[in-house]
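Written below as structure tokens is the structure these notes are about.
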Protein chains: 2
Amino acid sequence: MELPSRLIEAAVDQMASLPGIGRKTALRLVLNLLRRSDEQVNSFAESFQLMRQGVRGCATCHNLTETEECSICVNPLRKEHVICVVEDLRDLLAIEATGQFQGRYHVLGGVISPMEGVGPNDLNIESLVTRAATIAVHEDGEIIFALPATMEGETTAFYLFRKLSSNNLKVTSIARGIAVGEDLQHADEATLVQSLRQRLPYNN
Amino acid sequence: MELPSRLIEAAVDQMASLPGIGRKTALRLVLNLLRRSDEQVNSFAESFQLMRQGVRGCATCHNLTETEECSICVNPLRKEHVICVVEDLRDLLAIEATGQFQGRYHVLGGVISPMEGVGPNDLNIESLVTRAATIAVHEDGEIIFALPATMEGETTAFYLFRKLSSNNLKVTSIARGIAVGEDLQHADEATLVQSLRQRLPYNN
């Protein structure tokens with residue numbers, strides 16, 4: 001597909017550099033931008049530059065923030081000794097949306113994936129080990145793994161567990177099991193096995 | 001979903017303003033940008049601004065171009081008296097990719113759609129009528145409709161046909177029929193009817 005202008009070509013290249021956006025979709029999006037006014041396109045473009053310049057990782061938990069520490073880390077009502085380990089901001093937001101978690105977070109920035117060339121050194125693991133050591137003195141100190149239920153997520157959890165086990169600290173993982181509203185017959189076998197193994201006393 | 005920064009919020013809003021991009025997808029794309037360097041994000045953003053400033057509609061056919069007229073309109077090898085009418089640049093590119101069309105184009109910039117509030121005055125129709133009048137003197141002058149096979153496309157073709165019929169000019173439409181490689185049993189009824197009506201002498 002030869003585009004009629006190098007400028008459109010460059011814009012399509014940039015749009016197609018986003019994950020999950022192919023060149024056909026990129027062209028559709030770019031043509032939509034071409035129908036907007038100069039001011040609208042400037043606002044579009046500048047929003048990403050302003051974000052890149054103004055947003056950084058929280059010095060403690062690597063959540064995204066515009067200040068030194070994120071709003072969760074500076075909130076005295078959130079339990080400092082309970083740390084939920086997540087892959088990225090979207091998982092943090094999903095847990096926050098439940099309104100049920102009173103602890104703090106640690107954002108790894110990814111999961112270990114040899115296939116994609118992501119090793120432990122590419123993730124925010126050292127700072128988690130340091131934080132774990134400081135909360136180990138607390139009798140209710142706990143690290144909760146809320147990592148994806150994939151091969152990469154499990155590998156990462158296992159790696160972290162070995163790193164953290166030297167501390168005398170409770171390490172847990174969120175439950176794997178039948179999703180609420182799901183039929184057993186439609187659940188995959190591995191999930192069903194996990195849900196049986198992690199069965200709980202019936203107390204409702 | 002409450003985001004941890006107004007700057008991220010603004011970037012997600014802008015990304016989600018693109019057609020077919022929901023807020024969840026927008027957040028995924030924006031987080032990808034946040035993992036890039038300042039220079040990379042600047043290149044990303046500036047590509048759209050440079051495009052908006054440098055690209056305009058061709059004065060003759062409304063194809064996109066960086067100059068007064070597009071490369072097809074200034075190409076003396078392309079037949080000036082055969083004009084293929086398309087909805088937008090993507091359809092033009094699809095036809096160009098076949099390498100089989102030797103005429104020129106007219107890009108409408110949309111199709112008539114009362115549902116979406118697009119009327120004839122929103123499209124590049126007057127300039128097509130003017131061009132049609134100039135090629136009507138040519139004995140092989142022809143206007144080819146290559147418009148979508150939708151209600152809106154058909155409406156637009158009918159409207160254009162009435163506008164153009166005062167000229168003594170051949171007006172054609174690309175064929176509707178069974179797509180190459182398609183089974184008859186999987187074709188919809190309307191397509192099958194059209195393919196029967198538009199049957200051709202067998203001469204292969």
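Chains: A, B, ... in order of the structure tokens. Residues: from 1 per chain. Ligands: from 1, in order shown.
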
Exercise. Excluding Gln53 in chain B and residues on its chain fewer than 6 positions from it, collect all residues at most 10 Å away from it, counting only C-alpha atoms, and give them as number ranges by chain.
Key: A: 7, 34, 37-38, 41; B: 66

What would the file look like if the residues just selected were written as an mmCIF file, in the first residue's frame with C-alpha atoms?
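Result file selection_1.cif:
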data_model
loop_
_atom_site.group_PDB
_atom_site.id
_atom_site.type_symbol
_atom_site.label_atom_id
_atom_site.label_comp_id
_atom_site.auth_asym_id
_atom_site.auth_seq_id
_atom_site.Cartn_x
_atom_site.Cartn_y
_atom_site.Cartn_z
ATOM 1 C CA LEU A 7 4.013 12.720 6.115
ATOM 2 C CA LEU A 34 -6.660 14.532 9.116
ATOM 3 C CA SER A 37 -8.598 21.086 12.829
ATOM 4 C CA ASP A 38 -4.975 22.064 13.498
ATOM 5 C CA VAL A 41 -4.526 17.682 16.280
ATOM 6 C CA GLU B 66 1.613 17.629 0.031
#

Contact table chain B vs chain A, cut-off 7 Å, shortest pair per residue, only C-alpha atoms, as CSV:
residue,atom,partner,partner_atom,distance
B:Met1,CA,A:Ala97,CA,6.4
B:Pro4,CA,A:Thr65,CA,6.1
B:Ser5,CA,A:Thr65,CA,6.0
B:Leu7,CA,A:Met51,CA,4.9
B:Ile8,CA,A:Met51,CA,5.8
B:Ala10,CA,A:Ser47,CA,6.3
B:Ala11,CA,A:Ser47,CA,5.0
B:Gln14,CA,A:Phe44,CA,5.6
B:Leu18,CA,A:Leu29,CA,6.1
B:Pro19,CA,A:Leu29,CA,6.7
B:Leu29,CA,A:Leu18,CA,6.1
B:Leu34,CA,A:Arg52,CA,6.0
B:Asp38,CA,A:Arg52,CA,6.4
B:Val41,CA,A:Gln49,CA,6.2
B:Asn42,CA,A:Gln49,CA,6.1
B:Phe44,CA,A:Gln14,CA,5.6
B:Ala45,CA,A:Ala45,CA,4.4
B:Glu46,CA,A:Ala45,CA,6.6
B:Ser47,CA,A:Ala11,CA,5.0
B:Phe48,CA,A:Ala11,CA,5.6
B:Gln49,CA,A:Asn42,CA,6.1
B:Leu50,CA,A:Leu7,CA,6.8
B:Met51,CA,A:Leu7,CA,4.9
B:Arg52,CA,A:Leu34,CA,5.9
B:Leu64,CA,A:Pro4,CA,6.5
B:Thr65,CA,A:Ser5,CA,5.9
B:Glu66,CA,A:Ser5,CA,6.3
B:Leu93,CA,A:Met1,CA,6.6
B:Ala97,CA,A:Met1,CA,6.3

Quiz item: When you draw a straight line from CA of Ala132 in chain A to CA of Cys84 in chain A, how long is it in Å?
Solution: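 One can read the CA of Ala132 in chain A to CA of Cys84 in chain A distance as 11.1 Å.
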
Practice problem: Among the residues of range 27-188 of chain B, find those DSSP assigns to alpha helix (DSSP H) from the backbone and print them as an MDAnalysis selection string. | Solution: chainID B and resid 27:34 38:54 89:98 126:135 151:164

Residues as selected, C-alpha atoms, written as a JSON list (two decimals), in the first residue's frame, can you do that?
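And here's part_7.json as it stands now:
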[["chain", "number", "residue", "atom", "x", "y", "z"],
["B", 27, "LEU", "CA", -5.23, 3.06, 28.45],
["B", 28, "ARG", "CA", -3.24, 0.11, 27.10],
["B", 29, "LEU", "CA", -1.88, 2.25, 24.26],
["B", 30, "VAL", "CA", -1.09, 5.18, 26.54],
["B", 31, "LEU", "CA", 0.79, 2.92, 29.01],
["B", 32, "ASN", "CA", 2.84, 1.68, 26.07],
["B", 33, "LEU", "CA", 3.78, 5.28, 25.26],
["B", 34, "LEU", "CA", 4.76, 5.85, 28.89],
["B", 38, "ASP", "CA", 10.89, 11.47, 25.76],
["B", 39, "GLU", "CA", 12.36, 11.57, 22.24],
["B", 40, "GLN", "CA", 10.25, 8.66, 21.08],
["B", 41, "VAL", "CA", 7.06, 10.21, 22.44],
["B", 42, "ASN", "CA", 7.98, 13.53, 20.83],
["B", 43, "SER", "CA", 8.46, 11.80, 17.47],
["B", 44, "PHE", "CA", 5.14, 10.04, 17.94],
["B", 45, "ALA", "CA", 3.28, 13.26, 18.73],
["B", 46, "GLU", "CA", 5.00, 15.43, 16.14],
["B", 47, "SER", "CA", 4.30, 13.02, 13.30],
["B", 48, "PHE", "CA", 0.60, 13.89, 13.56],
["B", 49, "GLN", "CA", 1.21, 17.62, 13.80],
["B", 50, "LEU", "CA", 3.58, 17.60, 10.80],
["B", 51, "MET", "CA", 1.06, 15.57, 8.83],
["B", 52, "ARG", "CA", -1.81, 17.91, 9.69],
["B", 53, "GLN", "CA", 0.23, 20.95, 8.67],
["B", 54, "GLY", "CA", 1.74, 19.46, 5.51],
["B", 89, "LEU", "CA", -8.38, 7.57, 0.40],
["B", 90, "ARG", "CA", -8.46, 3.95, 1.55],
["B", 91, "ASP", "CA", -10.68, 2.93, -1.35],
["B", 92, "LEU", "CA", -8.43, 4.84, -3.75],
["B", 93, "LEU", "CA", -5.40, 2.99, -2.35],
["B", 94, "ALA", "CA", -7.18, -0.36, -2.71],
["B", 95, "ILE", "CA", -7.84, 0.30, -6.40],
["B", 96, "GLU", "CA", -4.32, 1.64, -6.97],
["B", 97, "ALA", "CA", -2.94, -1.53, -5.38],
["B", 98, "THR", "CA", -4.46, -3.57, -8.24],
["B", 126, "GLU", "CA", -19.84, 20.21, -6.92],
["B", 127, "SER", "CA", -16.24, 19.82, -8.08],
["B", 128, "LEU", "CA", -17.12, 16.40, -9.54],
["B", 129, "VAL", "CA", -20.00, 17.93, -11.52],
["B", 130, "THR", "CA", -17.59, 20.56, -12.86],
["B", 131, "ARG", "CA", -15.00, 17.93, -13.83],
["B", 132, "ALA", "CA", -17.71, 15.78, -15.46],
["B", 133, "ALA", "CA", -18.77, 18.70, -17.67],
["B", 134, "THR", "CA", -15.18, 19.14, -18.92],
["B", 135, "ILE", "CA", -14.69, 15.46, -19.83],
["B", 151, "MET", "CA", -27.45, 1.66, 1.58],
["B", 152, "GLU", "CA", -25.41, 4.87, 1.94],
["B", 153, "GLY", "CA", -23.20, 3.99, -1.03],
["B", 154, "GLU", "CA", -26.19, 3.21, -3.25],
["B", 155, "THR", "CA", -27.97, 6.41, -2.18],
["B", 156, "THR", "CA", -24.87, 8.42, -3.00],
["B", 157, "ALA", "CA", -24.50, 6.74, -6.40],
["B", 158, "PHE", "CA", -28.15, 7.47, -7.25],
["B", 159, "TYR", "CA", -27.79, 11.11, -6.18],
["B", 160, "LEU", "CA", -24.61, 11.52, -8.24],
["B", 161, "PHE", "CA", -26.17, 9.82, -11.27],
["B", 162, "ARG", "CA", -29.00, 12.36, -11.32],
["B", 163, "LYS", "CA", -26.52, 15.22, -10.96],
["B", 164, "LEU", "CA", -24.33, 13.89, -13.78]]

From a backbone DSSP assignment, name each residue in range 2-198 of chain B labelled strand (DSSP E), as a PDB file with C-alpha atoms, in the first residue's frame.
ATOM      1  CA  ARG B  56      -3.974  18.945   2.068  1.00  0.00           C
ATOM      2  CA  GLY B  57      -6.635  17.838  -0.392  1.00  0.00           C
ATOM      3  CA  LEU B  64      -4.445  13.743  -0.111  1.00  0.00           C
ATOM      4  CA  THR B  65      -1.228  15.413  -1.200  1.00  0.00           C
ATOM      5  CA  LYS B  79      -6.433   9.222 -18.589  1.00  0.00           C
ATOM      6  CA  GLU B  80      -7.983  12.550 -17.678  1.00  0.00           C
ATOM      7  CA  HIS B  81     -11.372  11.646 -19.167  1.00  0.00           C
ATOM      8  CA  VAL B  82     -11.952   8.549 -16.983  1.00  0.00           C
ATOM      9  CA  ILE B  83     -12.813   9.424 -13.388  1.00  0.00           C
ATOM     10  CA  CYS B  84     -13.291   6.821 -10.683  1.00  0.00           C
ATOM     11  CA  VAL B  85     -15.437   8.138  -7.807  1.00  0.00           C
ATOM     12  CA  VAL B  86     -14.457   6.765  -4.374  1.00  0.00           C
ATOM     13  CA  GLY B 103      -7.738   6.820 -15.145  1.00  0.00           C
ATOM     14  CA  ARG B 104      -7.963   9.412 -12.404  1.00  0.00           C
ATOM     15  CA  TYR B 105     -10.003   9.674  -9.222  1.00  0.00           C
ATOM     16  CA  HIS B 106     -12.480  11.840  -7.403  1.00  0.00           C
ATOM     17  CA  VAL B 107     -12.522  11.452  -3.628  1.00  0.00           C
ATOM     18  CA  GLU B 142     -16.582   7.981 -18.343  1.00  0.00           C
ATOM     19  CA  ILE B 143     -17.460   8.319 -14.677  1.00  0.00           C
ATOM     20  CA  ILE B 144     -17.029   5.065 -12.706  1.00  0.00           C
ATOM     21  CA  PHE B 145     -18.728   4.730  -9.328  1.00  0.00           C
ATOM     22  CA  ALA B 146     -16.566   2.642  -6.978  1.00  0.00           C
ATOM     23  CA  LYS B 170     -21.058   7.291 -19.798  1.00  0.00           C
ATOM     24  CA  VAL B 171     -21.683   6.574 -16.113  1.00  0.00           C
ATOM     25  CA  THR B 172     -20.843   3.089 -14.799  1.00  0.00           C
ATOM     26  CA  SER B 173     -20.548   1.299 -11.474  1.00  0.00           C
TER      27      SER B 173
END

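Nearest residue to Asn124 in chain B among B:Cys58, B:Leu184, B:Ile178, B:Cys73 is B:Cys58, counting only C-alpha atoms.
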
Quiz prompt | d(CA of Gly181 in chain A, CA of Leu200 in chain A) in Å | solution =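 Calculated distance between CA of Gly181 in chain A and CA of Leu200 in chain A is 18.2 Å.
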
Self-check item: Ala179 in chain A surroundings by only C-alpha atoms, 10 Å radius, close-in-sequence under 5 positions cut, as a ChimeraX atom specification
Solution: /A:184,187,191,195

Produce a file of the selected residues containing N, CA and C atoms, as a short mmCIF file (atom, residue, chain, number, x, y, z; two decimals), in the first residue's frame.
data_model
loop_
_atom_site.label_atom_id
_atom_site.label_comp_id
_atom_site.auth_asym_id
_atom_site.auth_seq_id
_atom_site.Cartn_x
_atom_site.Cartn_y
_atom_site.Cartn_z
N LEU A 184 -19.65 -24.59 35.84
CA LEU A 184 -18.51 -25.52 35.99
C LEU A 184 -18.18 -26.19 34.66
N ALA A 187 -15.82 -24.25 32.60
CA ALA A 187 -14.50 -23.93 33.14
C ALA A 187 -13.47 -24.89 32.56
N THR A 191 -8.36 -24.84 35.78
CA THR A 191 -9.04 -23.96 36.73
C THR A 191 -9.85 -24.79 37.72
N SER A 195 -9.51 -24.92 41.72
CA SER A 195 -10.64 -24.54 42.58
C SER A 195 -10.94 -25.63 43.60
#

Self-check item: Computed interatomic separation between CA of Asn168 in chain A and CA of Asp140 in chain A (Å)
Solution: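 Rounded to one decimal, the two atoms are 10.9 Å apart.
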